[in-house]
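Engineer: Coordinates in start.cif, mmCIF, C-alpha atoms, are listed below.
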data_work
#
loop_
_atom_site.label_atom_id
_atom_site.label_comp_id
_atom_site.auth_asym_id
_atom_site.auth_seq_id
_atom_site.Cartn_x
_atom_site.Cartn_y
_atom_site.Cartn_z
CA MET A 1 59.12 84.03 107.77
CA THR A 2 59.75 80.63 106.23
CA PRO A 3 63.00 79.06 107.48
CA VAL A 4 65.78 79.03 104.93
CA SER A 5 66.29 75.27 105.29
CA SER A 6 62.72 74.53 104.13
CA LYS A 7 63.32 76.21 100.78
CA LEU A 8 66.23 74.08 99.66
CA TYR A 9 66.26 71.76 96.67
CA ALA A 10 68.43 69.27 98.57
CA ASP A 11 71.23 69.29 101.10
CA ASP A 12 73.97 68.94 98.49
CA VAL A 13 72.78 71.63 96.02
CA SER A 14 74.83 74.80 96.30
CA LEU A 15 74.73 78.37 95.08
CA LEU A 16 78.38 79.45 95.16
CA MET A 17 79.13 83.17 94.91
CA VAL A 18 82.83 83.51 94.04
CA LEU A 19 84.51 86.89 94.57
CA VAL A 20 87.69 87.04 92.47
CA ASP A 21 90.28 89.70 93.30
CA THR A 22 91.36 91.35 90.04
CA ASN A 23 93.18 94.36 91.53
CA PRO A 24 95.79 95.14 88.83
CA TYR A 25 98.18 96.74 91.32
CA PHE A 26 98.18 93.67 93.54
CA TRP A 27 98.85 91.33 90.65
CA SER A 28 101.57 93.63 89.35
CA SER A 29 103.35 93.14 92.66
CA MET A 30 103.12 89.36 92.12
CA LYS A 31 104.99 89.40 88.80
CA ASN A 32 108.27 88.51 90.46
CA THR A 33 106.69 85.33 91.84
CA ALA A 34 105.72 82.21 89.94
CA PHE A 35 102.05 82.70 90.80
CA THR A 36 100.70 85.16 88.22
CA PHE A 37 97.16 86.24 87.45
CA PRO A 38 96.71 83.90 84.40
CA LYS A 39 97.88 80.96 86.51
CA PHE A 40 95.51 81.99 89.28
CA ILE A 41 92.58 82.11 86.84
CA SER A 42 93.44 78.66 85.50
CA HIS A 43 93.16 77.23 89.03
CA VAL A 44 89.86 79.06 89.58
CA LEU A 45 88.39 77.79 86.28
CA ALA A 46 89.24 74.19 87.15
CA PHE A 47 87.63 74.64 90.55
CA LEU A 48 84.44 76.16 89.11
CA ASN A 49 84.12 73.32 86.61
CA SER A 50 84.46 70.78 89.42
CA ILE A 51 81.65 72.49 91.36
CA LEU A 52 79.34 72.30 88.36
CA LEU A 53 80.27 68.66 87.78
CA LEU A 54 79.48 67.61 91.36
CA ASN A 55 75.77 68.30 90.87
CA GLN A 56 73.91 69.38 87.77
CA MET A 57 71.74 71.67 89.90
CA ASN A 58 74.69 73.56 91.40
CA GLN A 59 74.93 77.22 90.43
CA VAL A 60 78.07 79.36 90.29
CA VAL A 61 78.18 83.15 90.08
CA VAL A 62 81.49 84.99 89.72
CA ILE A 63 81.95 88.62 90.79
CA ALA A 64 85.14 90.42 89.79
CA THR A 65 86.53 92.62 92.57
CA GLY A 66 88.64 95.38 91.06
CA TYR A 67 90.37 98.47 92.35
CA ASN A 68 87.69 100.93 91.21
CA SER A 69 84.64 98.76 90.60
CA CYS A 70 83.12 95.29 90.83
CA ASP A 71 80.74 93.50 88.51
CA TYR A 72 79.14 90.15 87.66
CA VAL A 73 81.26 88.35 85.06
CA PHE A 74 79.71 84.88 85.06
CA ASP A 75 76.46 83.13 85.96
CA SER A 76 76.17 79.42 85.22
CA SER A 77 72.36 79.63 85.12
CA THR A 78 72.36 82.01 82.15
CA SER A 79 75.65 81.31 80.34
CA SER A 80 75.99 79.05 77.32
CA MET A 81 77.88 75.77 77.18
CA GLN A 82 81.18 77.57 76.44
CA ARG A 83 81.60 78.55 80.05
CA ALA A 84 85.37 79.04 80.10
CA GLU A 85 85.40 81.24 77.01
CA CYS A 86 82.49 83.31 78.32
CA LEU A 87 84.11 83.87 81.70
CA LEU A 88 87.54 84.73 80.32
CA GLU A 89 86.12 87.18 77.80
CA LYS A 90 84.02 89.07 80.35
CA LEU A 91 86.82 88.99 82.90
CA GLU A 92 89.28 90.46 80.42
CA ASP A 93 86.83 93.24 79.52
CA PHE A 94 86.28 94.02 83.19
CA VAL A 95 90.01 94.16 84.00
CA ASP A 96 90.66 96.52 81.08
CA LYS A 97 87.78 98.77 82.11
CA ASP A 98 88.74 98.80 85.77
CA GLU A 99 92.38 99.55 85.00
CA SER A 100 91.42 102.39 82.65
CA LEU A 101 89.59 104.11 85.52
CA SER A 102 92.76 104.25 87.63
CA GLN A 103 95.36 106.95 87.71
CA GLU A 104 98.82 105.73 88.55
CA ASP A 105 99.72 108.83 90.53
CA SER A 106 96.72 108.30 92.84
CA VAL A 107 97.61 104.73 93.79
CA ASP A 108 99.95 104.13 96.70
CA GLY A 109 101.61 100.72 96.58
CA VAL A 110 99.42 97.68 96.02
CA GLY A 111 96.14 99.49 96.65
CA PHE A 112 92.89 98.03 97.94
CA SER A 113 90.27 96.07 96.04
CA LEU A 114 86.57 96.91 96.42
CA LEU A 115 85.73 94.04 98.75
CA SER A 116 82.78 95.80 100.38
CA GLY A 117 81.07 96.36 97.03
CA ALA A 118 81.57 92.75 95.94
CA LEU A 119 80.13 91.43 99.21
CA SER A 120 77.11 93.71 98.85
CA MET A 121 76.50 92.53 95.29
CA ALA A 122 76.76 88.88 96.35
CA LEU A 123 74.26 89.38 99.19
CA CYS A 124 71.85 91.23 96.89
CA TYR A 125 71.98 88.34 94.42
CA ILE A 126 71.35 85.83 97.21
CA GLN A 127 68.37 87.81 98.49
CA ARG A 128 66.94 87.86 94.98
CA VAL A 129 67.28 84.08 94.86
CA PHE A 130 65.53 83.80 98.24
CA ARG A 131 62.57 85.74 96.84
CA SER A 132 62.47 83.99 93.46
CA GLY A 133 60.43 81.00 94.58
CA PRO A 134 59.81 78.35 97.22
CA LEU A 135 62.93 76.33 96.28
CA HIS A 136 66.54 77.43 95.93
CA PRO A 137 70.04 76.01 96.44
CA GLN A 138 72.02 76.54 99.64
CA PRO A 139 73.97 79.82 99.19
CA ARG A 140 77.51 80.54 100.32
CA ILE A 141 80.17 83.10 99.46
CA LEU A 142 83.80 82.35 98.63
CA CYS A 143 86.28 85.25 98.67
CA LEU A 144 89.47 84.66 96.66
CA HIS A 145 91.31 87.70 97.98
CA GLY A 146 94.88 88.92 97.80
CA SER A 147 94.87 92.69 98.23
CA PRO A 148 95.39 94.20 101.69
CA ASP A 149 92.39 95.35 103.69
CA GLY A 150 91.11 98.84 102.92
CA PRO A 151 90.56 100.64 106.26
CA GLY A 152 88.06 102.98 104.63
CA GLN A 153 85.80 100.01 103.85
CA TYR A 154 85.62 98.78 107.45
CA VAL A 155 82.04 99.91 108.14
CA ALA A 156 80.68 98.63 104.82
CA VAL A 157 82.45 95.29 105.16
CA MET A 158 81.19 94.78 108.73
CA ASN A 159 77.63 95.63 107.64
CA SER A 160 77.90 93.00 104.91
CA ILE A 161 79.24 90.45 107.40
CA PHE A 162 76.34 90.98 109.80
CA SER A 163 73.85 90.86 106.91
CA ALA A 164 75.31 87.52 105.84
CA GLN A 165 75.10 86.24 109.40
CA ARG A 166 71.46 87.29 109.64
CA SER A 167 70.68 85.51 106.36
CA MET A 168 72.62 82.41 107.48
CA VAL A 169 75.04 82.73 104.55
CA PRO A 170 78.59 81.56 105.41
CA ILE A 171 81.53 83.51 103.99
CA ASP A 172 84.52 81.33 103.09
CA SER A 173 87.86 83.04 102.61
CA CYS A 174 90.93 81.94 100.68
CA VAL A 175 93.70 84.52 101.05
CA ILE A 176 96.31 84.34 98.30
CA GLY A 177 98.40 87.35 99.31
CA SER A 178 101.46 87.52 101.52
CA GLN A 179 99.57 88.72 104.59
CA HIS A 180 96.41 87.71 106.41
CA SER A 181 93.16 89.63 106.06
CA ALA A 182 91.57 90.79 109.32
CA PHE A 183 88.33 91.56 107.46
CA LEU A 184 88.00 88.05 106.07
CA GLN A 185 89.08 86.45 109.34
CA GLN A 186 86.19 88.17 111.07
CA ALA A 187 83.82 87.42 108.17
CA SER A 188 84.50 83.68 108.26
CA TYR A 189 84.43 83.52 112.05
CA ILE A 190 81.16 85.43 112.47
CA THR A 191 79.27 83.69 109.65
CA GLY A 192 80.57 80.18 110.33
CA GLY A 193 82.67 79.93 107.19
CA VAL A 194 86.18 78.60 106.57
CA TYR A 195 89.26 80.81 106.50
CA LEU A 196 92.37 79.50 104.78
CA LYS A 197 95.68 80.92 103.61
CA PRO A 198 97.34 78.34 101.35
CA GLN A 199 100.98 77.64 102.15
CA VAL A 200 101.80 76.74 98.54
CA SER A 201 100.27 78.97 95.85
CA ASP A 202 100.89 76.45 93.07
CA GLY A 203 98.60 74.01 94.87
CA LEU A 204 95.65 76.42 94.94
CA PHE A 205 93.35 74.05 93.05
CA GLN A 206 94.01 71.28 95.57
CA TYR A 207 93.16 73.62 98.44
CA LEU A 208 89.99 74.80 96.72
CA SER A 209 88.78 71.33 95.76
CA THR A 210 89.44 69.70 99.15
CA VAL A 211 88.29 72.54 101.43
CA PHE A 212 85.81 74.74 99.58
CA ALA A 213 84.17 72.33 97.14
CA THR A 214 82.18 70.55 99.84
CA ASP A 215 78.58 71.59 100.38
CA LEU A 216 77.37 72.87 103.74
CA HIS A 217 75.67 69.60 104.67
CA SER A 218 78.84 67.55 104.09
CA ARG A 219 80.98 69.90 106.17
CA SER A 220 79.54 68.49 109.37
CA PHE A 221 81.25 65.17 108.55
CA LEU A 222 84.64 66.66 107.67
CA GLN A 223 87.44 68.16 109.71
CA LEU A 224 88.08 71.44 107.93
CA PRO A 225 90.90 73.88 108.76
CA ARG A 226 90.31 76.16 111.70
CA PRO A 227 91.93 79.58 112.03
CA VAL A 228 94.69 79.77 114.62
CA GLY A 229 93.68 83.28 115.64
CA VAL A 230 91.26 86.00 114.56
CA ASP A 231 92.17 89.68 114.51
CA PHE A 232 89.15 91.41 116.03
CA ARG A 233 90.65 94.89 116.05
CA ALA A 234 88.46 97.62 114.61
CA SER A 235 89.29 100.63 112.45
CA CYS A 236 88.58 104.12 113.74
CA PHE A 237 86.06 106.22 111.84
CA CYS A 238 88.21 109.35 111.93
CA HIS A 239 91.55 108.22 110.46
CA LYS A 240 90.66 104.68 109.24
CA ASN A 241 93.49 103.20 111.30
CA THR A 242 93.41 99.85 113.07
CA ILE A 243 93.35 100.47 116.81
CA ASP A 244 93.59 98.38 119.99
CA MET A 245 91.72 100.84 122.24
CA GLY A 246 89.47 103.77 121.40
CA PHE A 247 86.35 105.80 122.13
CA ILE A 248 82.87 104.58 121.14
CA CYS A 249 79.80 106.74 120.56
CA SER A 250 77.01 105.47 122.81
CA VAL A 251 74.37 106.49 120.24
CA CYS A 252 75.60 105.07 116.90
CA LEU A 253 78.56 102.94 118.12
CA SER A 254 81.07 104.79 115.95
CA ILE A 255 84.69 104.20 116.94
CA PHE A 256 87.33 106.93 117.31
CA CYS A 257 91.00 106.72 118.19
CA LYS A 258 90.93 110.05 120.09
CA HIS A 259 88.37 111.92 122.14
CA HIS A 260 86.16 114.29 120.12
CA LYS A 261 83.69 116.90 121.23
CA LYS A 262 81.12 115.73 118.68
CA CYS A 263 80.40 112.48 116.86
CA SER A 264 81.14 112.89 113.16
CA THR A 265 78.61 110.16 112.29
CA CYS A 266 75.42 111.03 114.20
CA GLY A 267 76.27 114.50 115.54
CA SER A 268 75.91 113.61 119.23
CA ASN A 269 77.79 115.85 121.64
CA PHE A 270 80.36 114.20 123.85
CA GLY A 271 80.93 115.39 127.40
CA GLU A 272 84.36 115.92 128.86
CA ALA A 273 85.75 113.16 131.01
CA ARG A 274 85.07 114.10 134.61
CA LYS A 275 88.09 114.16 136.86
CA GLN A 276 87.47 112.56 140.23
CA ASP A 277 88.31 114.70 143.27
CA PRO A 278 90.69 112.73 145.56
CA SER A 279 89.23 114.33 148.70
CA ALA A 280 85.70 113.39 147.66
CA SER A 281 86.74 109.81 146.96
CA ASP A 282 88.46 109.58 150.34
CA GLN A 283 85.35 110.97 152.01
CA ARG A 284 83.13 108.41 150.26
CA ARG A 285 85.55 105.64 151.17
CA THR A 286 85.40 106.72 154.81
CA SER A 287 81.62 106.85 154.86
CA TYR A 288 81.43 103.41 153.20
CA GLY A 289 83.84 102.04 155.76
CA SER A 290 81.91 103.41 158.70
#
Please re-express this file's structure in structure tokens.
Structural biologist:
Amino acid sequence: MTPVSSKLYADDVSLLMVLVDTNPYFWSSMKNTAFTFPKFISHVLAFLNSILLLNQMNQVVVIATGYNSCDYVFDSSTSSMQRAECLLEKLEDFVDKDESLSQEDSVDGVGFSLLSGALSMALCYIQRVFRSGPLHPQPRILCLHGSPDGPGQYVAVMNSIFSAQRSMVPIDSCVIGSQHSAFLQQASYITGGVYLKPQVSDGLFQYLSTVFATDLHSRSFLQLPRPVGVDFRASCFCHKNTIDMGFICSVCLSIFCKHHKKCSTCGSNFGEARKQDPSASDQRRTSYGS
């Protein structure tokens, strides 16, 4: 297999896959704040334009991450000169379609965006670029995420993270919500990306332009933010809850919060935990001592 580095146009040419969180329930919860969805999009548009201005060979692909679906809404390699109008029009159509698929009585609170699907689509696009020819820009993924982590997506998200690590594709994360994302903390840590939660939402463009606009080659000369701590806790496969300790299937490595007689993933039978006889342990201890 040809090394990825030998297929690059140049060190400073980037393929930036931007995952934009469009979860309508999350942004509805942000209405009481000054940072609304239109203001968020204005910061993102300015950032995307700056990426395209840094190098004429840079490529930007935007994937909308909704509550029910995710889809490509912009590709700088195929779009016309009216980039802002094209992106806003497709993004508006996607948000309307995604919101029409929801039922208000089935949504509890803010809800979860389809992060696992967006990551899979980004990796599929990158693999297609890898196979398109001998030369391609350096790919990376930027997640602009605000919705809370969906425990039911844990397995799919982790599979995407390990696929990105295998392909040497860093996943950068910019969390715009009120709480940190354990999924994105692990994604950035494992793939060598940058994780950042801006302290001031109104300064989002400054954070994006100073931290995430730099290409991978230039990052070695900069002192980028480092996460204070990473939440490595996993979610159990049975109840989708985040756990500190659990039971792991030795065959498929599925995680459970309680002991089960049978693995729900691969069907392997689990044996009962053997209770150690105190007299037998004392006898062995005596024989070892003698």
Engineer: With the file shown as input, list the residues that the PyMOL selection byres ((chain A and resi 139) around 9) selects, as a list in words.
Structural biologist: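 Evaluating the PyMOL selection byres ((chain A and resi 139) around 9) on this file yields Val13, Ser14, Leu15, Leu16, Met17, Ile126, His136, Pro137, Gln138, Arg140, Ile141, Met168, Val169, Pro170 and Leu216 of chain A.
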Engineer: Starting from the displayed file, determine the output of the PyMOL selection byres ((chain A and resi 193) around 9) and express the residue list as a list of chain:residue names.
Structural biologist: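 Evaluating the PyMOL selection byres ((chain A and resi 193) around 9) on these coordinates yields A:Arg140, A:Ile141, A:Leu142, A:Val169, A:Pro170, A:Ile171, A:Asp172, A:Ser173, A:Ala187, A:Ser188, A:Tyr189, A:Ile190, A:Thr191, A:Gly192, A:Val194, A:Tyr195.
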Engineer: The PyMOL selection byres ((chain A and resi 119) around 10) on the file shown: which residues, as number ranges by chain?
Structural biologist: A: 17-19, 63, 65, 70, 114-118, 120-125, 141-143, 156-157, 159-161, 163-164, 171
Engineer: Which of these, A:Gly177, A:Pro38, A:Arg128, A:Met57, has the shortest distance to A:Phe26 once you count all atoms listed in the file?
Structural biologist: A:Gly177
Engineer: Nearest to A:Asn55 among A:Ala213, A:Asn32, A:Asn269, A:Asp75, with distances taken over all atoms listed in the file: which residue is it?
Structural biologist: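 For A:Asn55, the nearest of the given residues is A:Ala213.
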Engineer: Calculated over all atoms listed in the file, which of the candidates A:Phe74, A:Phe221, A:Phe112, A:Phe212 has the smallest distance to A:Phe94?
Structural biologist: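 Once distances to A:Phe94 are computed over all atoms listed in the file, the minimum belongs to A:Phe74.
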Engineer: Interatomic distance between atom CA of A:Lys39 and atom CA of A:Asp202?
Structural biologist: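 Atom-to-atom, atom CA of A:Lys39 and atom CA of A:Asp202 are spaced 8.5 Å apart.
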Engineer: Measuring between only C-alpha atoms, which one of A:Met245, A:Val175, A:Phe47, A:Cys238 shows the shortest distance to A:Cys263?
Structural biologist: A:Cys238
Engineer: Separation of atom CA of A:Phe256 and atom CA of A:Ala234, in Å?
Structural biologist: 9.8 Å
Engineer: Measure the distance from atom CA of A:Val20 to atom CA of A:Asn241 in Å and round it to one decimal.
Structural biologist: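 Value for the atom CA of A:Val20-atom CA of A:Asn241 distance: 25.5 Å.
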Engineer: Stretch 259-262 of chain A: which residues within 12 Å, counting all atoms listed in the file, same-chain residues fewer than 3 positions away excluded, as a PDB file with C-alpha atoms, in the frame of the given file?
Structural biologist:
ATOM      1  CA  CYS A 236      88.580 104.120 113.740  1.00  0.00           C
ATOM      2  CA  PHE A 237      86.060 106.220 111.840  1.00  0.00           C
ATOM      3  CA  CYS A 238      88.210 109.350 111.930  1.00  0.00           C
ATOM      4  CA  MET A 245      91.720 100.840 122.240  1.00  0.00           C
ATOM      5  CA  GLY A 246      89.470 103.770 121.400  1.00  0.00           C
ATOM      6  CA  PHE A 247      86.350 105.800 122.130  1.00  0.00           C
ATOM      7  CA  ILE A 248      82.870 104.580 121.140  1.00  0.00           C
ATOM      8  CA  CYS A 249      79.800 106.740 120.560  1.00  0.00           C
ATOM      9  CA  SER A 250      77.010 105.470 122.810  1.00  0.00           C
ATOM     10  CA  VAL A 251      74.370 106.490 120.240  1.00  0.00           C
ATOM     11  CA  SER A 254      81.070 104.790 115.950  1.00  0.00           C
ATOM     12  CA  ILE A 255      84.690 104.200 116.940  1.00  0.00           C
ATOM     13  CA  PHE A 256      87.330 106.930 117.310  1.00  0.00           C
ATOM     14  CA  THR A 265      78.610 110.160 112.290  1.00  0.00           C
ATOM     15  CA  CYS A 266      75.420 111.030 114.200  1.00  0.00           C
ATOM     16  CA  GLY A 267      76.270 114.500 115.540  1.00  0.00           C
ATOM     17  CA  SER A 268      75.910 113.610 119.230  1.00  0.00           C
ATOM     18  CA  ASN A 269      77.790 115.850 121.640  1.00  0.00           C
ATOM     19  CA  PHE A 270      80.360 114.200 123.850  1.00  0.00           C
ATOM     20  CA  GLY A 271      80.930 115.390 127.400  1.00  0.00           C
ATOM     21  CA  GLU A 272      84.360 115.920 128.860  1.00  0.00           C
ATOM     22  CA  ALA A 273      85.750 113.160 131.010  1.00  0.00           C
TER      23      ALA A 273
END
Engineer: Need to verify the contact set: A:Ser28, 12 Å, all atoms listed in the file, exclusion of same-chain residues closer than 2 positions in sequence. Can you return it as an mmCIF file with C-alpha atoms, in the coordinates of the input?
Structural biologist:
data_model
loop_
_atom_site.group_PDB
_atom_site.id
_atom_site.type_symbol
_atom_site.label_atom_id
_atom_site.label_comp_id
_atom_site.auth_asym_id
_atom_site.auth_seq_id
_atom_site.Cartn_x
_atom_site.Cartn_y
_atom_site.Cartn_z
ATOM 1 C CA THR A 22 91.360 91.350 90.040
ATOM 2 C CA ASN A 23 93.180 94.360 91.530
ATOM 3 C CA PRO A 24 95.790 95.140 88.830
ATOM 4 C CA TYR A 25 98.180 96.740 91.320
ATOM 5 C CA PHE A 26 98.180 93.670 93.540
ATOM 6 C CA MET A 30 103.120 89.360 92.120
ATOM 7 C CA LYS A 31 104.990 89.400 88.800
ATOM 8 C CA ASN A 32 108.270 88.510 90.460
ATOM 9 C CA THR A 33 106.690 85.330 91.840
ATOM 10 C CA PHE A 35 102.050 82.700 90.800
ATOM 11 C CA THR A 36 100.700 85.160 88.220
ATOM 12 C CA PHE A 37 97.160 86.240 87.450
ATOM 13 C CA PRO A 38 96.710 83.900 84.400
ATOM 14 C CA GLU A 99 92.380 99.550 85.000
ATOM 15 C CA GLY A 109 101.610 100.720 96.580
ATOM 16 C CA VAL A 110 99.420 97.680 96.020
ATOM 17 C CA GLY A 111 96.140 99.490 96.650
ATOM 18 C CA GLY A 146 94.880 88.920 97.800
ATOM 19 C CA SER A 147 94.870 92.690 98.230
#
Engineer: Env of A:Asp98: 7 Å cut, atoms = all atoms listed in the file, seq-sep filter 2 positions within chain, self excluded. Answer as a compact mmCIF listing (two decimals) with C-alpha atoms, in the coordinates of the input.
Structural biologist:
# COMPACT_ATOMS: atom_id res chain seq x y z
CA GLY A 66 88.64 95.38 91.06
CA TYR A 67 90.37 98.47 92.35
CA ASN A 68 87.69 100.93 91.21
CA SER A 69 84.64 98.76 90.60
CA PHE A 94 86.28 94.02 83.19
CA VAL A 95 90.01 94.16 84.00
CA ASP A 96 90.66 96.52 81.08
CA SER A 100 91.42 102.39 82.65
CA LEU A 101 89.59 104.11 85.52
Engineer: Looking at only C-alpha atoms, which of A:Ser178, A:Pro198, A:Arg131, A:Val62 is the one that sits closest to A:Val44?
Structural biologist: A:Val62
Engineer: Just the residues within 12 Å of A:Glu85, please, counting only C-alpha atoms, with nothing from its chain fewer than 6 positions along; format it as a PDB file with C-alpha atoms, in the coordinates of the input.
Structural biologist:
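The new file selection32.pdb reads:
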ATOM      1  CA  SER A  42      93.440  78.660  85.500  1.00  0.00           C
ATOM      2  CA  LEU A  45      88.390  77.790  86.280  1.00  0.00           C
ATOM      3  CA  VAL A  73      81.260  88.350  85.060  1.00  0.00           C
ATOM      4  CA  PHE A  74      79.710  84.880  85.060  1.00  0.00           C
ATOM      5  CA  SER A  79      75.650  81.310  80.340  1.00  0.00           C
ATOM      6  CA  LEU A  91      86.820  88.990  82.900  1.00  0.00           C
ATOM      7  CA  GLU A  92      89.280  90.460  80.420  1.00  0.00           C
TER       8      GLU A  92
END
Engineer: Taking all atoms listed in the file into account, name the residue in A:Gln186, A:Ser220, A:His180, A:Asp71 that is nearest to A:Gln165.
Structural biologist: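 For A:Gln165, the nearest of the candidates is A:Gln186.
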